[in-house]
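Student: my_file35.cif is reproduced in full below (mmCIF, C-alpha atoms).
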```cif
data_start
#
loop_
_atom_site.label_atom_id
_atom_site.label_comp_id
_atom_site.auth_asym_id
_atom_site.auth_seq_id
_atom_site.Cartn_x
_atom_site.Cartn_y
_atom_site.Cartn_z
CA MET L 297 -24.07 24.10 -15.66
CA ARG L 298 -27.13 21.87 -15.69
CA PRO L 299 -29.36 21.66 -12.58
CA GLY L 300 -28.08 18.14 -11.75
CA GLN L 301 -24.48 19.31 -11.95
CA LEU L 302 -25.23 22.27 -9.70
CA HIS L 303 -26.86 19.95 -7.14
CA ASN L 304 -23.85 17.59 -7.17
CA ALA L 305 -21.42 20.49 -6.74
CA ARG L 306 -23.34 21.68 -3.69
CA THR L 307 -23.70 18.28 -2.02
CA ARG L 308 -20.15 16.93 -2.27
CA PRO L 309 -16.92 18.44 -0.87
CA SER L 310 -14.86 20.63 -3.16
CA TRP L 311 -12.00 18.14 -3.13
CA ALA L 312 -14.18 15.20 -4.27
CA GLY L 313 -13.75 15.68 -8.00
CA ARG L 314 -14.71 13.27 -10.76
CA ASN L 315 -11.39 11.45 -10.76
CA TYR L 316 -11.50 11.14 -7.00
CA LEU L 317 -14.91 9.45 -7.09
CA LEU L 318 -13.97 7.12 -9.94
CA LEU L 319 -10.71 6.02 -8.38
CA THR L 320 -12.04 5.70 -4.87
CA GLY L 321 -14.84 3.51 -6.16
CA ALA L 322 -12.38 1.42 -8.19
CA THR L 323 -10.14 0.91 -5.17
CA VAL L 324 -12.99 -0.12 -2.89
CA ILE L 325 -14.18 -2.66 -5.47
CA ALA L 326 -10.70 -4.06 -6.12
CA ASN L 327 -9.78 -4.28 -2.44
CA LEU L 328 -13.02 -6.06 -1.56
CA GLY L 329 -12.16 -8.72 -4.13
CA SER L 330 -8.44 -9.02 -3.45
CA SER L 331 -8.67 -9.18 0.35
CA GLY L 332 -10.89 -12.23 0.03
CA ALA L 333 -8.71 -13.69 -2.71
CA LEU L 334 -5.67 -13.76 -0.42
CA ILE L 335 -7.55 -16.18 1.82
CA ALA L 336 -8.93 -18.12 -1.14
CA THR L 337 -5.49 -18.62 -2.68
CA ALA L 338 -4.10 -20.27 0.45
CA PHE L 339 -7.10 -22.57 0.78
CA ALA L 340 -6.99 -23.42 -2.94
CA VAL L 341 -3.39 -24.63 -2.54
CA LEU L 342 -4.32 -26.68 0.53
CA ALA L 343 -7.43 -28.12 -1.17
CA ALA L 344 -5.25 -29.30 -4.05
CA GLY L 345 -3.18 -31.34 -1.61
CA GLY L 346 -0.50 -28.75 -0.99
CA SER L 347 1.34 -28.25 2.28
CA ALA L 348 2.10 -25.11 4.26
CA THR L 349 5.41 -24.98 2.37
CA ASP L 350 3.48 -25.01 -0.92
CA VAL L 351 1.37 -22.08 0.29
CA GLY L 352 4.60 -20.20 0.96
CA LEU L 353 5.98 -21.07 -2.46
CA VAL L 354 2.90 -19.68 -4.21
CA ALA L 355 3.19 -16.50 -2.13
CA ALA L 356 6.89 -16.24 -3.03
CA ALA L 357 6.03 -16.70 -6.70
CA ARG L 358 3.99 -13.49 -6.46
CA THR L 359 6.67 -11.60 -4.53
CA ILE L 360 9.65 -12.29 -6.80
CA PRO L 361 8.33 -10.59 -9.97
CA LEU L 362 6.98 -7.76 -7.83
CA VAL L 363 10.51 -7.02 -6.61
CA LEU L 364 12.12 -7.59 -10.01
CA PHE L 365 9.81 -5.33 -12.04
CA LEU L 366 8.99 -2.49 -9.63
CA LEU L 367 11.66 -0.09 -10.88
CA ILE L 368 10.78 -0.78 -14.51
CA GLY L 369 7.11 -0.26 -13.65
CA GLY L 370 7.91 3.14 -12.15
CA ALA L 371 9.87 4.24 -15.22
CA VAL L 372 7.13 3.07 -17.57
CA ALA L 373 4.45 4.88 -15.56
CA ASP L 374 6.37 8.15 -15.85
CA ARG L 375 6.67 7.67 -19.62
CA LEU L 376 3.16 6.53 -20.55
CA PRO L 377 -0.22 7.83 -19.36
CA ARG L 378 -0.47 6.42 -15.86
CA HIS L 379 -4.14 5.45 -16.13
CA HIS L 380 -3.32 3.32 -19.19
CA VAL L 381 -0.68 1.45 -17.18
CA MET L 382 -3.18 0.96 -14.36
CA VAL L 383 -5.86 -0.40 -16.67
CA ALA L 384 -3.40 -2.77 -18.37
CA ALA L 385 -2.21 -4.05 -14.98
CA ASN L 386 -5.82 -4.57 -13.87
CA ALA L 387 -6.49 -6.51 -17.07
CA LEU L 388 -3.51 -8.79 -16.40
CA SER L 389 -4.71 -9.41 -12.84
CA CYS L 390 -8.23 -10.06 -14.09
CA ILE L 391 -6.97 -12.69 -16.55
CA SER L 392 -4.60 -14.38 -14.10
CA GLN L 393 -7.22 -14.59 -11.34
CA GLY L 394 -9.84 -15.75 -13.81
CA LEU L 395 -7.60 -18.59 -15.00
CA PHE L 396 -6.76 -19.45 -11.39
CA ALA L 397 -10.48 -19.65 -10.59
CA LEU L 398 -11.11 -21.81 -13.68
CA LEU L 399 -8.38 -24.25 -12.66
CA VAL L 400 -9.75 -24.56 -9.14
CA LEU L 401 -13.38 -24.94 -10.24
CA THR L 402 -12.76 -27.47 -13.02
CA GLY L 403 -10.21 -29.82 -11.53
CA GLN L 404 -7.05 -30.28 -9.52
CA PRO L 405 -4.68 -27.40 -10.21
CA ARG L 406 -0.99 -28.21 -10.08
CA LEU L 407 1.43 -26.31 -7.92
CA TRP L 408 3.44 -24.96 -10.86
CA GLN L 409 0.26 -23.67 -12.52
CA MET L 410 -0.78 -21.79 -9.39
CA ALA L 411 2.74 -20.40 -9.00
CA VAL L 412 2.80 -19.12 -12.60
CA LEU L 413 -0.57 -17.41 -12.20
CA ALA L 414 0.53 -15.87 -8.91
CA ALA L 415 3.66 -14.60 -10.65
CA LEU L 416 1.50 -12.93 -13.32
CA GLY L 417 -0.44 -11.20 -10.55
CA GLY L 418 2.80 -10.01 -8.96
CA THR L 419 3.98 -8.65 -12.30
CA GLY L 420 0.76 -6.71 -12.66
CA GLN L 421 1.19 -5.31 -9.15
CA ALA L 422 4.77 -4.21 -9.98
CA PHE L 423 3.49 -2.00 -12.81
CA PHE L 424 0.28 -0.97 -11.09
CA ALA L 425 1.67 0.23 -7.76
CA PRO L 426 3.98 3.04 -8.99
CA ALA L 427 1.45 4.16 -11.61
CA SER L 428 -1.38 4.33 -9.09
CA GLU L 429 0.61 6.23 -6.50
CA GLY L 430 1.83 8.65 -9.17
CA MET L 431 -1.73 9.13 -10.39
CA LEU L 432 -2.92 9.74 -6.86
CA LEU L 433 -0.32 12.38 -6.12
CA ALA L 434 -0.82 14.10 -9.48
CA SER L 435 -4.60 14.29 -9.12
CA VAL L 436 -4.84 15.90 -5.69
CA SER L 437 -4.48 19.64 -5.30
CA GLY L 438 -5.09 22.46 -2.89
CA GLU L 439 -5.02 22.91 0.85
CA GLN L 440 -7.41 19.98 1.42
CA ALA L 441 -5.02 17.39 -0.06
CA GLY L 442 -4.46 15.78 3.34
CA ARG L 443 -8.18 15.34 3.86
CA ALA L 444 -8.56 13.81 0.40
CA PHE L 445 -5.74 11.32 1.09
CA ALA L 446 -7.24 10.43 4.47
CA VAL L 447 -10.78 9.84 3.17
CA PHE L 448 -9.43 7.75 0.31
CA ARG L 449 -7.42 5.59 2.69
CA MET L 450 -10.39 5.24 5.03
CA GLY L 451 -12.41 3.73 2.17
CA MET L 452 -9.50 1.47 1.27
CA SER L 453 -9.09 0.22 4.86
CA GLY L 454 -12.79 -0.45 5.19
CA ALA L 455 -12.76 -2.45 1.96
CA ASN L 456 -9.78 -4.50 3.17
CA ILE L 457 -11.50 -5.36 6.44
CA GLY L 458 -14.85 -6.11 4.83
CA GLY L 459 -13.27 -8.06 1.97
CA ALA L 460 -11.30 -10.30 4.32
CA ALA L 461 -14.37 -11.05 6.43
CA LEU L 462 -16.61 -11.65 3.39
CA GLY L 463 -13.93 -13.67 1.60
CA GLY L 464 -13.41 -15.97 4.55
CA ALA L 465 -17.13 -16.59 4.82
CA LEU L 466 -17.47 -17.27 1.08
CA VAL L 467 -14.51 -19.66 1.03
CA ALA L 468 -16.25 -21.67 3.75
CA ALA L 469 -19.65 -21.49 2.01
CA VAL L 470 -18.88 -21.96 -1.72
CA GLY L 471 -15.17 -22.76 -1.93
CA PRO L 472 -12.07 -20.80 -2.97
CA GLY L 473 -12.68 -21.05 -6.72
CA TRP L 474 -15.73 -18.81 -6.66
CA VAL L 475 -13.97 -16.25 -4.47
CA LEU L 476 -11.13 -16.10 -7.01
CA ALA L 477 -13.72 -15.64 -9.77
CA VAL L 478 -15.25 -12.72 -7.85
CA ASP L 479 -11.80 -11.17 -7.54
CA SER L 480 -11.30 -11.47 -11.31
CA ALA L 481 -14.62 -9.70 -11.90
CA ALA L 482 -13.65 -7.01 -9.38
CA PHE L 483 -10.43 -6.30 -11.29
CA ALA L 484 -12.42 -6.03 -14.53
CA LEU L 485 -14.85 -3.52 -13.03
CA ALA L 486 -12.09 -1.51 -11.33
CA GLY L 487 -10.13 -1.32 -14.58
CA ALA L 488 -13.24 -0.18 -16.45
CA LEU L 489 -13.75 2.67 -13.98
CA ARG L 490 -10.12 3.75 -14.25
CA ALA L 491 -10.38 3.84 -18.04
CA PHE L 492 -12.71 6.85 -17.68
CA LEU L 493 -10.19 9.02 -15.81
CA ASP L 494 -9.81 12.52 -17.19
CA VAL L 495 -6.09 13.33 -17.48
CA ARG L 496 -6.31 16.41 -19.70
CA GLY L 497 -5.14 18.66 -16.86
CA ILE L 498 -1.89 16.73 -16.38
CA PRO L 499 0.87 18.07 -18.67
CA GLU L 500 2.42 15.69 -21.17
CA ARG L 501 5.79 14.33 -20.12
CA THR L 502 8.78 14.29 -22.45
CA THR L 503 10.59 10.95 -22.67
CA GLY L 504 14.20 11.78 -23.36
CA GLY L 505 16.64 8.89 -23.03
CA GLY L 506 15.78 5.29 -22.30
CA ILE L 507 14.49 3.30 -19.35
CA LEU L 508 17.93 3.15 -17.73
CA HIS L 509 18.21 6.93 -17.98
CA ASP L 510 14.83 7.25 -16.26
CA LEU L 511 15.86 4.85 -13.52
CA ARG L 512 19.06 6.80 -12.86
CA ASP L 513 17.06 10.02 -12.82
CA GLY L 514 14.63 8.54 -10.31
CA TRP L 515 17.52 7.36 -8.12
CA ARG L 516 19.04 10.85 -8.14
CA GLU L 517 15.68 12.23 -7.05
CA VAL L 518 15.61 9.86 -4.08
CA ALA L 519 19.30 10.19 -3.15
CA SER L 520 19.17 13.99 -3.20
CA ARG L 521 16.54 14.06 -0.43
CA PRO L 522 17.84 12.76 2.92
CA TRP L 523 14.32 12.64 4.39
CA LEU L 524 13.17 10.40 1.53
CA TRP L 525 15.93 7.82 1.45
CA ALA L 526 16.13 7.75 5.26
CA VAL L 527 12.47 6.70 5.56
CA VAL L 528 12.79 4.19 2.71
CA VAL L 529 15.80 2.57 4.42
CA GLN L 530 13.98 2.65 7.75
CA PHE L 531 10.93 0.86 6.40
CA SER L 532 12.92 -1.68 4.42
CA ILE L 533 13.90 -3.13 7.81
CA VAL L 534 10.77 -2.16 9.76
CA ASN L 535 8.46 -3.85 7.27
CA ALA L 536 10.65 -6.94 7.25
CA VAL L 537 10.68 -7.45 11.03
CA VAL L 538 6.97 -6.61 11.37
CA SER L 539 6.17 -9.20 8.70
CA ALA L 540 8.32 -11.80 10.47
CA ALA L 541 6.60 -11.06 13.79
CA GLU L 542 3.07 -11.15 12.37
CA ALA L 543 3.41 -13.92 9.79
CA VAL L 544 5.63 -16.33 11.75
CA TYR L 545 5.84 -15.56 15.47
CA GLY L 546 2.34 -14.18 16.01
CA PRO L 547 0.43 -17.35 15.05
CA LEU L 548 2.79 -19.47 17.17
CA VAL L 549 2.31 -17.26 20.24
CA ALA L 550 -1.44 -17.24 19.64
CA GLU L 551 -1.56 -21.02 19.44
CA GLU L 552 0.41 -21.52 22.65
CA HIS L 553 -0.72 -18.63 24.84
CA LEU L 554 -3.71 -16.69 23.45
CA GLY L 555 -6.25 -19.39 22.64
CA GLY L 556 -5.59 -20.13 18.98
CA PRO L 557 -6.23 -18.39 15.67
CA GLY L 558 -9.46 -16.68 16.76
CA PRO L 559 -7.89 -14.17 19.17
CA TRP L 560 -5.00 -13.58 16.78
CA GLY L 561 -7.38 -12.87 13.92
CA LEU L 562 -9.30 -10.46 16.14
CA ALA L 563 -6.07 -8.62 16.98
CA LEU L 564 -5.20 -8.26 13.29
CA ALA L 565 -8.72 -7.05 12.56
CA ALA L 566 -8.35 -4.48 15.34
CA PHE L 567 -5.22 -3.17 13.64
CA GLY L 568 -7.19 -2.74 10.41
CA ALA L 569 -10.00 -0.99 12.27
CA GLY L 570 -7.41 1.31 13.85
CA THR L 571 -6.12 2.35 10.42
CA ALA L 572 -9.66 3.34 9.43
CA ILE L 573 -10.00 5.45 12.59
CA GLY L 574 -6.57 6.96 11.98
CA ALA L 575 -7.63 7.99 8.49
CA LEU L 576 -10.79 9.55 9.93
CA LEU L 577 -8.66 11.46 12.43
CA MET L 578 -6.47 12.82 9.63
CA THR L 579 -9.50 14.34 7.91
CA ARG L 580 -9.65 16.76 10.86
CA ILE L 581 -6.05 17.56 11.72
CA LYS L 582 -3.36 19.26 9.64
CA PRO L 583 0.04 18.75 11.27
CA ARG L 584 2.52 21.50 10.47
CA ARG L 585 5.65 19.34 10.80
CA LEU L 586 4.64 16.54 8.46
CA LEU L 587 7.48 14.08 8.84
CA LEU L 588 8.16 14.79 12.50
CA THR L 589 4.53 13.95 13.27
CA GLY L 590 4.68 10.88 11.08
CA ALA L 591 7.98 9.59 12.48
CA LEU L 592 6.79 9.90 16.07
CA CYS L 593 3.76 7.80 15.12
CA VAL L 594 6.00 4.93 13.97
CA PHE L 595 7.25 4.27 17.52
CA PRO L 596 4.01 2.44 18.53
CA LEU L 597 4.74 -0.10 15.78
CA ALA L 598 7.35 -1.56 18.15
CA LEU L 599 4.66 -2.43 20.72
CA PRO L 600 2.95 -5.49 19.12
CA SER L 601 6.23 -7.44 18.98
CA ALA L 602 6.88 -6.55 22.61
CA ALA L 603 3.34 -7.61 23.54
CA LEU L 604 3.88 -10.98 21.85
CA ALA L 605 7.21 -11.40 23.66
CA ILE L 606 5.60 -10.96 27.12
CA PRO L 607 3.01 -12.36 25.98
CA LEU L 608 0.20 -9.90 26.69
CA PRO L 609 -3.30 -11.46 27.13
CA ALA L 610 -5.53 -11.39 24.06
CA PRO L 611 -7.72 -8.42 25.12
CA GLY L 612 -4.66 -6.27 25.82
CA LEU L 613 -3.01 -7.27 22.55
CA THR L 614 -6.19 -6.43 20.63
CA ALA L 615 -6.42 -2.98 22.22
CA LEU L 616 -2.74 -2.34 21.55
CA MET L 617 -3.06 -3.37 17.89
CA PHE L 618 -6.01 -1.02 17.50
CA GLY L 619 -3.96 1.91 18.83
CA THR L 620 -1.00 0.95 16.64
CA GLY L 621 -3.25 0.98 13.57
CA ILE L 622 -4.35 4.54 14.38
CA ALA L 623 -0.75 5.71 14.80
CA ILE L 624 0.65 4.13 11.64
CA GLU L 625 -2.19 5.57 9.57
CA VAL L 626 -1.25 9.06 10.75
CA PHE L 627 2.25 8.35 9.46
CA SER L 628 0.87 7.07 6.14
CA VAL L 629 -1.14 10.20 5.43
CA THR L 630 1.68 12.57 6.41
CA TRP L 631 4.06 10.59 4.18
CA MET L 632 1.72 10.96 1.22
CA MET L 633 1.41 14.68 1.91
CA ALA L 634 5.20 15.06 1.99
CA LEU L 635 5.63 13.23 -1.33
CA HIS L 636 2.83 15.25 -2.90
CA GLN L 637 4.41 18.51 -1.74
CA GLU L 638 8.08 17.84 -2.46
CA ILE L 639 8.37 15.56 -5.52
CA PRO L 640 7.96 16.90 -9.09
CA GLU L 641 4.86 15.48 -10.79
CA GLU L 642 6.75 13.97 -13.72
CA LYS L 643 8.83 11.84 -11.31
CA PHE L 644 6.09 10.65 -8.96
CA SER L 645 6.00 7.06 -10.22
CA ARG L 646 9.76 6.55 -10.35
CA VAL L 647 10.14 7.79 -6.78
CA SER L 648 7.23 5.57 -5.75
CA SER L 649 8.90 2.53 -7.31
CA TYR L 650 12.07 3.05 -5.26
CA ASP L 651 9.92 3.56 -2.18
CA TRP L 652 8.06 0.32 -2.88
CA LEU L 653 11.21 -1.63 -3.67
CA GLY L 654 12.82 -0.60 -0.41
CA SER L 655 9.69 -1.49 1.49
CA VAL L 656 9.08 -5.01 0.17
CA SER L 657 12.46 -6.37 -0.93
CA MET L 658 13.57 -7.65 2.49
CA ILE L 659 10.24 -9.15 3.56
CA PRO L 660 10.83 -12.62 1.98
CA LEU L 661 14.30 -12.81 3.55
CA ALA L 662 12.98 -11.83 6.99
CA THR L 663 10.15 -14.36 6.94
CA ALA L 664 12.51 -17.08 5.71
CA LEU L 665 15.01 -16.35 8.50
CA ALA L 666 12.41 -16.00 11.25
CA GLY L 667 12.43 -19.72 12.01
CA PRO L 668 16.23 -20.15 12.12
CA VAL L 669 16.57 -17.02 14.28
CA GLN L 670 14.00 -18.41 16.70
CA ASN L 671 15.94 -21.66 16.88
CA LEU L 672 19.16 -19.76 17.52
CA ILE L 673 18.15 -17.23 20.19
CA GLY L 674 14.60 -18.22 21.15
CA ARG L 675 11.26 -16.73 20.16
CA THR L 676 11.05 -14.27 23.04
CA ALA L 677 14.49 -12.81 22.27
CA ALA L 678 13.62 -12.65 18.56
CA LEU L 679 10.44 -10.70 19.29
CA TRP L 680 12.22 -8.28 21.63
CA SER L 681 14.82 -7.80 18.88
CA CYS L 682 12.08 -6.92 16.41
CA SER L 683 10.68 -4.35 18.81
CA ALA L 684 14.11 -2.85 19.54
CA LEU L 685 15.00 -2.58 15.85
CA ILE L 686 11.82 -0.64 15.09
CA ALA L 687 12.40 1.77 17.98
CA LEU L 688 16.10 2.29 17.20
CA LEU L 689 15.53 2.86 13.47
CA THR L 690 12.76 5.36 14.18
CA ALA L 691 14.98 7.21 16.64
CA ALA L 692 17.75 7.27 14.03
CA VAL L 693 15.42 8.75 11.42
CA LEU L 694 14.58 11.59 13.82
CA CYS L 695 18.28 12.54 13.74
CA VAL L 696 17.87 13.63 10.09
CA PRO L 697 17.27 17.43 10.15
CA ASP L 698 14.87 17.37 7.19
CA ILE L 699 12.65 14.87 9.01
CA ARG L 700 12.30 17.24 11.94
CA HIS L 701 11.96 20.45 9.97
CA LEU L 702 9.97 19.68 6.78
CA THR L 703 6.88 21.88 7.07
CA ARG L 704 3.50 21.68 5.39
CA ARG L 705 3.04 24.47 2.87
CA ASN L 706 -0.36 25.82 1.83
CA THR L 707 0.70 26.35 -1.76
CA PRO L 708 -0.88 25.20 -5.03
CA PRO L 709 0.48 21.93 -6.45
CA LEU L 710 2.69 21.68 -9.49
CA THR L 711 -0.27 20.67 -11.66
CA PRO L 712 -4.00 21.35 -11.42
CA SER L 713 -6.52 18.62 -10.83
CA PRO L 714 -7.56 17.11 -14.15
CA SER L 715 -11.23 17.03 -13.26
CA THR L 716 -11.75 20.25 -11.32
CA PRO L 717 -8.89 22.73 -11.73
CA SER L 718 -9.67 24.62 -8.52
CA SER L 719 -10.20 21.62 -6.26
CA PRO L 720 -8.45 18.37 -5.41
CA SER L 721 -9.29 15.02 -6.86
CA THR L 722 -7.82 11.76 -5.64
CA PRO L 723 -7.14 8.37 -7.22
CA SER L 724 -6.01 5.07 -5.98
CA PRO L 725 -4.84 1.51 -5.82
CA PRO L 726 -3.95 -0.96 -3.45
CA PRO L 727 -3.17 0.86 -3.04
CA PRO L 728 -2.43 4.27 -2.94
CA VAL L 729 0.40 2.31 -1.67
CA THR L 730 2.04 3.77 1.34
CA GLU L 731 4.17 2.37 4.10
CA SER L 732 1.35 1.03 6.28
CA ASP L 733 0.04 -1.00 3.33
CA LYS L 734 3.44 -2.54 2.74
CA ILE L 735 3.72 -3.57 6.38
CA ALA L 736 1.10 -6.22 5.68
CA GLY L 737 3.17 -7.73 2.88
CA THR L 738 3.16 -7.69 -0.90
CA ASN L 739 -0.35 -8.84 -1.75
CA ASN L 740 -2.15 -5.54 -1.66
CA ALA L 741 -5.11 -5.05 -3.92
CA GLN L 742 -5.08 -3.15 -7.15
#
```
Mind converting the file's structure to structure tokens?

Tutor:
Amino acid sequence: MRPGQLHNARTRPSWAGRNYLLLTGATVIANLGSSGALIATAFAVLAAGGSATDVGLVAAARTIPLVLFLLIGGAVADRLPRHHVMVAANALSCISQGLFALLVLTGQPRLWQMAVLAALGGTGQAFFAPASEGMLLASVSGEQAGRAFAVFRMGMSGANIGGAALGGALVAAVGPGWVLAVDSAAFALAGALRAFLDVRGIPERTTGGGILHDLRDGWREVASRPWLWAVVVQFSIVNAVVSAAEAVYGPLVAEEHLGGPGPWGLALAAFGAGTAIGALLMTRIKPRRLLLTGALCVFPLALPSAALAIPLPAPGLTALMFGTGIAIEVFSVTWMMALHQEIPEEKFSRVSSYDWLGSVSMIPLATALAGPVQNLIGRTAALWSCSALIALLTAAVLCVPDIRHLTRRNTPPLTPSPSTPSSPSTPSPPPPVTESDKIAGTNNAQ
């Protein structure tokens, strides 16, 4: 060991291996770019003469291929080296965002062109998300896995918050085209970092049968674990109603009762800040009953919809959103720890793809129906219904014995860390993609 290596080993935690540092850095870079690009995309559509409906159509164009290709992406990521899939997905996102930026900067982009490029980005996300989560789970080892997950997510949350703030400012200062160009460059740099991952410690996977065989195998893995499919079903509805409340009802309540978009934006930012604090909290605590702790922390997610139904004044809503962010991040880390502990390494990505599919597939339907439901029963009743559904589904999940009894084990993982065999090493995406990320929708960074 050279003197510089000895110094680095002494100054960084044992779980911060080479892969962990590479992938954490890649995720921070990608999330900084993509969080700003979400804002830039909407303003690019509006600047080209599009309406609010057109903004929704471009967003839907990204969501549809994400839903269609997620399961295939999971099967591919369990067949091929996961970091190769991640780099290829980053390259596709880099190209699509670069072309989007070029269209915006050089002329008047047409709606169909923006929709096609958004669809390419969604396709990249469909392959990236399962690969990145599988890579994350496979690269962390040892008793400090929970701390590694929490620190990684803290960096990701900070990048999301900072990227949104910086992106909004840049859109106002230089226009959406340049922000999209920055996002393209961020994907290029993130992909370059991920290309240097060391995967020699991960055993080669045999690829018997075809893609359909792999998908059936992944489904059996999910269906055989009541705790797993119960949470996936729970969040397929929870994510949908939370998205309807935040994307449709929240802005309307803010406009009529809270003082406009400013207070609503502050409340959403407080939620993001809460997730960062929740991740920091999880670096210190190690709950024994992983899923019981996590499930109990989902109950506060029912409170924002209730607060909007009242409606609670802006300061109270902001404080409540901050606390909800802390709680849901505790769930996210315990969920990652449960997957890491219970799922075989060679099936990480397939299980992740089913998890993702359940979590995002109902969001477009919920947001589309939010308006008609409001017209039918009124906004207040719709918001109370959202809150009640979240609480009832969470209570139902607690009836599953495995949810209450699954216990954290201090045992070595199935595979050693590829960078430092005796210590954990964590990767990333938009990812790692866990349930709290999917609550915000389908446009997470890569």

Student: Would you kindly translate the PyMOL selection byres ((chain L and resi 507) around 12) into the concrete residues it picks from this file, as a ChimeraX atom specification?

Tutor: /L:367-376,503-506,508-514,646

Student: Could you list, as a PyMOL selection string, every residue within 8 Å of Thr589 of chain L, counting all atoms listed in the file and ignoring same-chain residues fewer than 3 positions away?

Tutor: chain L and resi 583+585-586+592-593+626-627+630

Student: Next, write the just-selected residues to a file, as a short mmCIF file (atom, residue, chain, number, x, y, z; two decimals), in the coordinates of the input, keeping C-alpha atoms as the atom set.

Tutor:
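Written file, part_15.cif:
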```
data_model
loop_
_atom_site.label_atom_id
_atom_site.label_comp_id
_atom_site.auth_asym_id
_atom_site.auth_seq_id
_atom_site.Cartn_x
_atom_site.Cartn_y
_atom_site.Cartn_z
CA PRO L 583 0.04 18.75 11.27
CA ARG L 585 5.65 19.34 10.80
CA LEU L 586 4.64 16.54 8.46
CA LEU L 592 6.79 9.90 16.07
CA CYS L 593 3.76 7.80 15.12
CA VAL L 626 -1.25 9.06 10.75
CA PHE L 627 2.25 8.35 9.46
CA THR L 630 1.68 12.57 6.41
#
```

Student: So how far away is atom CA of Thr337 of chain L from atom CA of Pro405 of chain L, in Å?

Tutor: 11.6 Å

Student: Between L:Val693, L:Tyr316, L:Ser683, L:Leu362, single out the one closest to Leu433 of chain L, counting all atoms listed in the file.

Tutor: L:Tyr316

Student: Considering all atoms listed in the file, state which residue in the set L:Val528, L:Ala326, L:Ile335, L:Arg490 is at the smallest distance from Trp652 of chain L.

Tutor: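 Of L:Val528, L:Ala326, L:Ile335, L:Arg490, the one nearest Trp652 of chain L, counting all atoms listed in the file, is L:Val528.
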
Student: Counting all atoms listed in the file, which of L:Phe365, L:Trp523, L:Trp560, L:Trp515 gets nearest to Ala615 of chain L?

Tutor: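 Distance minimum relative to Ala615 of chain L lands on L:Trp560.
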
Student: Quick one: pull the distance between atom CA of Ser389 of chain L and atom CA of Gly329 of chain L, Å, one decimal.

Tutor: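 These two atoms are separated by 11.5 Å.
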
Student: Using only C-alpha atoms, can you tell me which of L:Leu604, L:Ala526, L:Leu672, L:Leu597 comes closest to Val696 of chain L?

Tutor: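 Looking only at the distances to Val696 of chain L, the closest residue turns out to be L:Ala526.
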
Student: Which residue out of L:Ala343, L:Ala491, L:Ala591, L:Leu688 has the minimum interatomic distance to Ser628 of chain L when only C-alpha atoms are used?

Tutor: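 The answer is L:Ala591, which sits nearest to Ser628 of chain L.
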
Student: To one decimal in Å, tell me the separation between atom CA of Ala602 of chain L and atom CA of Gly332 of chain L.

Tutor: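 Atom-to-atom, atom CA of Ala602 of chain L to atom CA of Gly332 of chain L, that is 29.3 Å.
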
Student: Can you turn the PyMOL selection byres ((chain L and resi 378-384) around 7) into a concrete residue list for this file, as a ChimeraX atom specification?

Tutor: /L:373,376-377,385-388,423-424,427-428,431,487,490-491

Student: Show me, as an NGL selection string, the residues that have an atom within 7 Å of segment 443-458 of chain L when counting only C-alpha atoms, minus same-chain residues fewer than 2 positions from it.

Tutor: :L and (311 or 320 or 323-324 or 327-328 or 331 or 440-441 or 460-462 or 565 or 568 or 571-572 or 575-576 or 578-579 or 629 or 722)

Student: Spell out the residues picked by the PyMOL selection byres ((chain L and resi 404) around 10) here, as a list in words.

Tutor: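 After applying the PyMOL selection byres ((chain L and resi 404) around 10), what remains is Ala340, Val341, Ala343, Ala344, Gly345, Leu399, Val400, Leu401, Thr402, Gly403, Pro405, Arg406 and Leu407 of chain L.
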
Student: I'd like the neighbourhood of Gly612 of chain L as a PDB file with C-alpha atoms, in the coordinates of the input, where a residue qualifies if any of its atoms comes within 10 Å (using only C-alpha atoms), though same-chain residues fewer than 5 positions away should be ignored.

Tutor:
```pdb
ATOM      1  CA  ALA L 563      -6.070  -8.620  16.980  1.00  0.00           C
ATOM      2  CA  ALA L 603       3.340  -7.610  23.540  1.00  0.00           C
ATOM      3  CA  PRO L 607       3.010 -12.360  25.980  1.00  0.00           C
ATOM      4  CA  MET L 617      -3.060  -3.370  17.890  1.00  0.00           C
ATOM      5  CA  PHE L 618      -6.010  -1.020  17.500  1.00  0.00           C
TER       6      PHE L 618
END
```
